[in-house]
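Student: First, the structure itself, so that you have it in front of you.
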Amino acid sequence: MLEMVDVRLRGRGRPRLDGVSIRFDPGVVYGLIGPNGAGKSSLMSVLARLVPASSGRLSSPPTLVGAVLSENGLHPGRTVLETIRLRGSYARVGAEAADEALRRAGLESVARRRVGALSLGMRMRLAIAAATIGEPGLVILDEPMNGLDPNGISWVRSVIADMRSRGVIVVVSSHLLSELAQFIDVAVIISAGTITCIEPMRRRGQTGCLIRVNDPAALIDVLGRRGHGGRIRGGWVSVDAPAPEVVREAVRNSLDVLGVEEGGTDLEDLYATTSTGEYLAGEAR
């Protein structure tokens, strides 16, 4: 478990992070979402211990942390093989394990090529392979789908699923909300340097529903008396109960049901209703 408590980070006279508190649990994939300038990069940099917080508490991160940040840090003059083996030496794994990571990333055919000559998608594959080599306890991926074709995106999903199964804490930041919704477990919305929402994701087939009624507040009150939680999200009510039961309760209490969806959390609606905008240009990242 990794925890940030009231973490603050100042830059250029303004807070880049302003009282951030969140707990990251092993084997959970967190989607970090927010507008440009909201503080996503700052949070990831503090989480990886690349930037010290101005105040607050960050519990000790795992011994090995892997990260792909906006600048992936790959030296353009090194070959692909040199890059992955160098990362392997940092992670204290041998050349054989490094070469296997290269194979899994589908980069064996370009092993002797200079990093600077690779396409954006190939560089991203290499950066992710390097970040996940060894046994990291925390992996941070900033826009990992950049430049990837559908096969590459599928590969990223499989890498993340594997890390989840091994108990790795995974933090992924991306503007591609529809793609994030396919694999994250928890959505973390950050806006103006503060976390505005931490929402577990429900997927199709899981218990729960989204329902639209003429009086959402009345429905939440009704469901609360029956022990079910509900939140208003972009005109819909997200409920932790099966759709038939929720519809029956709505009708029994003379509420008009305007729409219902089984399971699922609409990430775009969640983002639209919990993000308050970005900082002024250049004041935070």
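Ordering of the structure tokens sets the chain letters (A, B, ...); residue numbers start at 1 within each chain; ligands are numbered from 1 in the order shown.
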Excluding region 57-66 of chain A and any residue of its chain fewer than 5 positions from it, enumerate the residues within 9 Å of it, using only C-alpha atoms, and give them as a list of chain:residue names.
Tutor: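 Listing them by chain and then by number gives A:Met1, A:Leu2, A:Glu3, A:Met4, A:Val5, A:Asp6, A:Val7, A:Ser21, A:Val46, A:Leu47, A:Ala48, A:Arg49, A:Ala91, A:Ile128, A:Ala130, A:Ala131, A:Thr132, A:Ile133, A:Gly134, A:Glu135, A:Pro136, A:Gly137, A:Leu138, A:Val139, A:Ile140, A:Leu141.
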Student: Can you pull out every residue within 12 Å of Ser158 (chain A), counting only C-alpha atoms, but drop anything in the same chain fewer than 6 positions away, and send it as a PDB file with all heavy atoms, in the first residue's frame?
Tutor:
ATOM      1  N   ARG A 104       8.895  -9.926 -25.625  1.00  0.00           N
ATOM      2  CA  ARG A 104       7.477  -9.748 -25.292  1.00  0.00           C
ATOM      3  C   ARG A 104       6.928  -8.441 -25.853  1.00  0.00           C
ATOM      4  O   ARG A 104       5.746  -8.334 -26.159  1.00  0.00           O
ATOM      5  CB  ARG A 104       7.267  -9.794 -23.775  1.00  0.00           C
ATOM      6  CG  ARG A 104       7.479 -11.170 -23.158  1.00  0.00           C
ATOM      7  CD  ARG A 104       6.856 -11.238 -21.770  1.00  0.00           C
ATOM      8  NE  ARG A 104       7.351 -10.184 -20.890  1.00  0.00           N
ATOM      9  CZ  ARG A 104       8.406 -10.306 -20.087  1.00  0.00           C
ATOM     10  NH1 ARG A 104       9.069 -11.456 -20.045  1.00  0.00           N
ATOM     11  NH2 ARG A 104       8.794  -9.308 -19.328  1.00  0.00           N
ATOM     12  N   ALA A 105       7.793  -7.450 -25.982  1.00  0.00           N
ATOM     13  CA  ALA A 105       7.362  -6.164 -26.529  1.00  0.00           C
ATOM     14  C   ALA A 105       7.319  -6.173 -28.058  1.00  0.00           C
ATOM     15  O   ALA A 105       6.911  -5.179 -28.671  1.00  0.00           O
ATOM     16  CB  ALA A 105       8.285  -5.049 -26.044  1.00  0.00           C
ATOM     17  N   ILE A 128       7.799   1.231 -22.240  1.00  0.00           N
ATOM     18  CA  ILE A 128       6.954   0.437 -21.338  1.00  0.00           C
ATOM     19  C   ILE A 128       7.671  -0.855 -20.944  1.00  0.00           C
ATOM     20  O   ILE A 128       7.643  -1.267 -19.779  1.00  0.00           O
ATOM     21  CB  ILE A 128       5.597   0.141 -21.993  1.00  0.00           C
ATOM     22  CG1 ILE A 128       4.800   1.447 -22.153  1.00  0.00           C
ATOM     23  CG2 ILE A 128       4.800  -0.868 -21.168  1.00  0.00           C
ATOM     24  CD1 ILE A 128       3.537   1.301 -22.976  1.00  0.00           C
ATOM     25  N   ASN A 151      -2.913  -3.082 -32.399  1.00  0.00           N
ATOM     26  CA  ASN A 151      -2.177  -4.209 -31.809  1.00  0.00           C
ATOM     27  C   ASN A 151      -1.348  -3.758 -30.608  1.00  0.00           C
ATOM     28  O   ASN A 151      -1.246  -4.464 -29.601  1.00  0.00           O
ATOM     29  CB  ASN A 151      -1.265  -4.858 -32.849  1.00  0.00           C
ATOM     30  CG  ASN A 151      -2.034  -5.661 -33.870  1.00  0.00           C
ATOM     31  OD1 ASN A 151      -3.154  -6.100 -33.615  1.00  0.00           O
ATOM     32  ND2 ASN A 151      -1.449  -5.855 -35.041  1.00  0.00           N
ATOM     33  N   GLY A 152      -0.761  -2.568 -30.739  1.00  0.00           N
ATOM     34  CA  GLY A 152       0.029  -2.030 -29.639  1.00  0.00           C
ATOM     35  C   GLY A 152      -0.821  -1.710 -28.422  1.00  0.00           C
ATOM     36  O   GLY A 152      -0.421  -1.968 -27.283  1.00  0.00           O
ATOM     37  N   ARG A 164      -1.427  -6.235 -12.837  1.00  0.00           N
ATOM     38  CA  ARG A 164      -2.503  -6.315 -11.841  1.00  0.00           C
ATOM     39  C   ARG A 164      -2.495  -7.685 -11.159  1.00  0.00           C
ATOM     40  O   ARG A 164      -2.607  -7.776  -9.937  1.00  0.00           O
ATOM     41  CB  ARG A 164      -3.854  -6.062 -12.501  1.00  0.00           C
ATOM     42  CG  ARG A 164      -5.028  -6.199 -11.528  1.00  0.00           C
ATOM     43  CD  ARG A 164      -6.354  -6.314 -12.254  1.00  0.00           C
ATOM     44  NE  ARG A 164      -6.802  -5.074 -12.822  1.00  0.00           N
ATOM     45  CZ  ARG A 164      -6.975  -4.853 -14.124  1.00  0.00           C
ATOM     46  NH1 ARG A 164      -6.697  -5.826 -14.996  1.00  0.00           N
ATOM     47  NH2 ARG A 164      -7.416  -3.702 -14.571  1.00  0.00           N
ATOM     48  N   SER A 165      -2.359  -8.740 -11.966  1.00  0.00           N
ATOM     49  CA  SER A 165      -2.406 -10.101 -11.412  1.00  0.00           C
ATOM     50  C   SER A 165      -1.228 -10.383 -10.492  1.00  0.00           C
ATOM     51  O   SER A 165      -1.311 -11.256  -9.622  1.00  0.00           O
ATOM     52  CB  SER A 165      -2.442 -11.129 -12.550  1.00  0.00           C
ATOM     53  OG  SER A 165      -1.195 -11.169 -13.241  1.00  0.00           O
ATOM     54  N   GLN A 182     -11.650   0.807 -20.406  1.00  0.00           N
ATOM     55  CA  GLN A 182     -11.598  -0.626 -20.699  1.00  0.00           C
ATOM     56  C   GLN A 182     -10.822  -1.415 -19.650  1.00  0.00           C
ATOM     57  O   GLN A 182     -11.052  -2.621 -19.496  1.00  0.00           O
ATOM     58  CB  GLN A 182     -10.949  -0.860 -22.073  1.00  0.00           C
ATOM     59  CG  GLN A 182     -11.649  -0.174 -23.230  1.00  0.00           C
ATOM     60  CD  GLN A 182     -13.056  -0.671 -23.421  1.00  0.00           C
ATOM     61  OE1 GLN A 182     -13.309  -1.876 -23.410  1.00  0.00           O
ATOM     62  NE2 GLN A 182     -13.989   0.247 -23.588  1.00  0.00           N
ATOM     63  N   PHE A 183      -9.901  -0.747 -18.925  1.00  0.00           N
ATOM     64  CA  PHE A 183      -9.031  -1.557 -18.063  1.00  0.00           C
ATOM     65  C   PHE A 183      -8.737  -0.987 -16.683  1.00  0.00           C
ATOM     66  O   PHE A 183      -8.158  -1.690 -15.850  1.00  0.00           O
ATOM     67  CB  PHE A 183      -7.699  -1.850 -18.776  1.00  0.00           C
ATOM     68  CG  PHE A 183      -6.901  -0.637 -19.150  1.00  0.00           C
ATOM     69  CD1 PHE A 183      -6.147   0.043 -18.217  1.00  0.00           C
ATOM     70  CD2 PHE A 183      -6.895  -0.176 -20.463  1.00  0.00           C
ATOM     71  CE1 PHE A 183      -5.401   1.152 -18.560  1.00  0.00           C
ATOM     72  CE2 PHE A 183      -6.148   0.932 -20.831  1.00  0.00           C
ATOM     73  CZ  PHE A 183      -5.402   1.596 -19.869  1.00  0.00           C
TER      74      PHE A 183
END
Student: Excluding same-chain residues fewer than 3 positions from Ala117 (chain A), what lies within 9 Å of it counting only C-alpha atoms, as a ChimeraX atom specification?
Tutor: /A:76-77,113-114
Student: I need the residues in region 43-222 of chain A that are strand (DSSP E or B) according to DSSP; give them as a PyMOL selection string.
Tutor: chain A and resi 55-58+65-68+79+114+138-142+169-173+186-191+194-200+209-213
Student: Skipping near chain neighbours, those fewer than 6 positions away, what residues fall within 12 Å of Pro52 (chain A) using only C-alpha atoms, listed as a list in words?
Tutor: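 Once the adjacent positions are removed, what remains is Val7, Arg8, Leu9, Arg10, Gly11, Leu17, Ser42, Leu43, Met44, Ser45, Val46 and Leu58 of chain A.
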Student: May I have the residues within 6 Å of region 214-230 of chain A as a ChimeraX atom specification, using only C-alpha atoms and disregarding those fewer than 4 positions away in the same chain?
Tutor: /A:238-240,256
Student: For Pro144 (chain A), find every residue with an atom within 9 Å (counting only C-alpha atoms), except residues of its own chain fewer than 4 positions away, and show them as a ChimeraX atom specification.
Tutor: /A:68-69,124-125,127-128,148,153,156,172-174
Student: Selected residues, C-alpha atoms, written as a PDB file, in the first residue's frame, please.
Tutor:
ATOM      1  CA  VAL A  68       7.078   6.245 -18.449  1.00  0.00           C
ATOM      2  CA  LEU A  69       6.570   9.978 -18.103  1.00  0.00           C
ATOM      3  CA  MET A 124       6.558   3.734 -26.529  1.00  0.00           C
ATOM      4  CA  ARG A 125       6.726  -0.077 -26.574  1.00  0.00           C
ATOM      5  CA  ALA A 127       9.729   2.607 -22.801  1.00  0.00           C
ATOM      6  CA  ILE A 128       6.954   0.437 -21.338  1.00  0.00           C
ATOM      7  CA  LEU A 148       0.400   2.833 -30.805  1.00  0.00           C
ATOM      8  CA  ILE A 153      -2.915  -0.853 -27.545  1.00  0.00           C
ATOM      9  CA  VAL A 156      -0.516  -2.442 -23.375  1.00  0.00           C
ATOM     10  CA  VAL A 172      -2.050   5.325 -15.837  1.00  0.00           C
ATOM     11  CA  SER A 173      -2.673   8.863 -17.067  1.00  0.00           C
ATOM     12  CA  SER A 174      -4.368   9.420 -20.410  1.00  0.00           C
TER      13      SER A 174
END
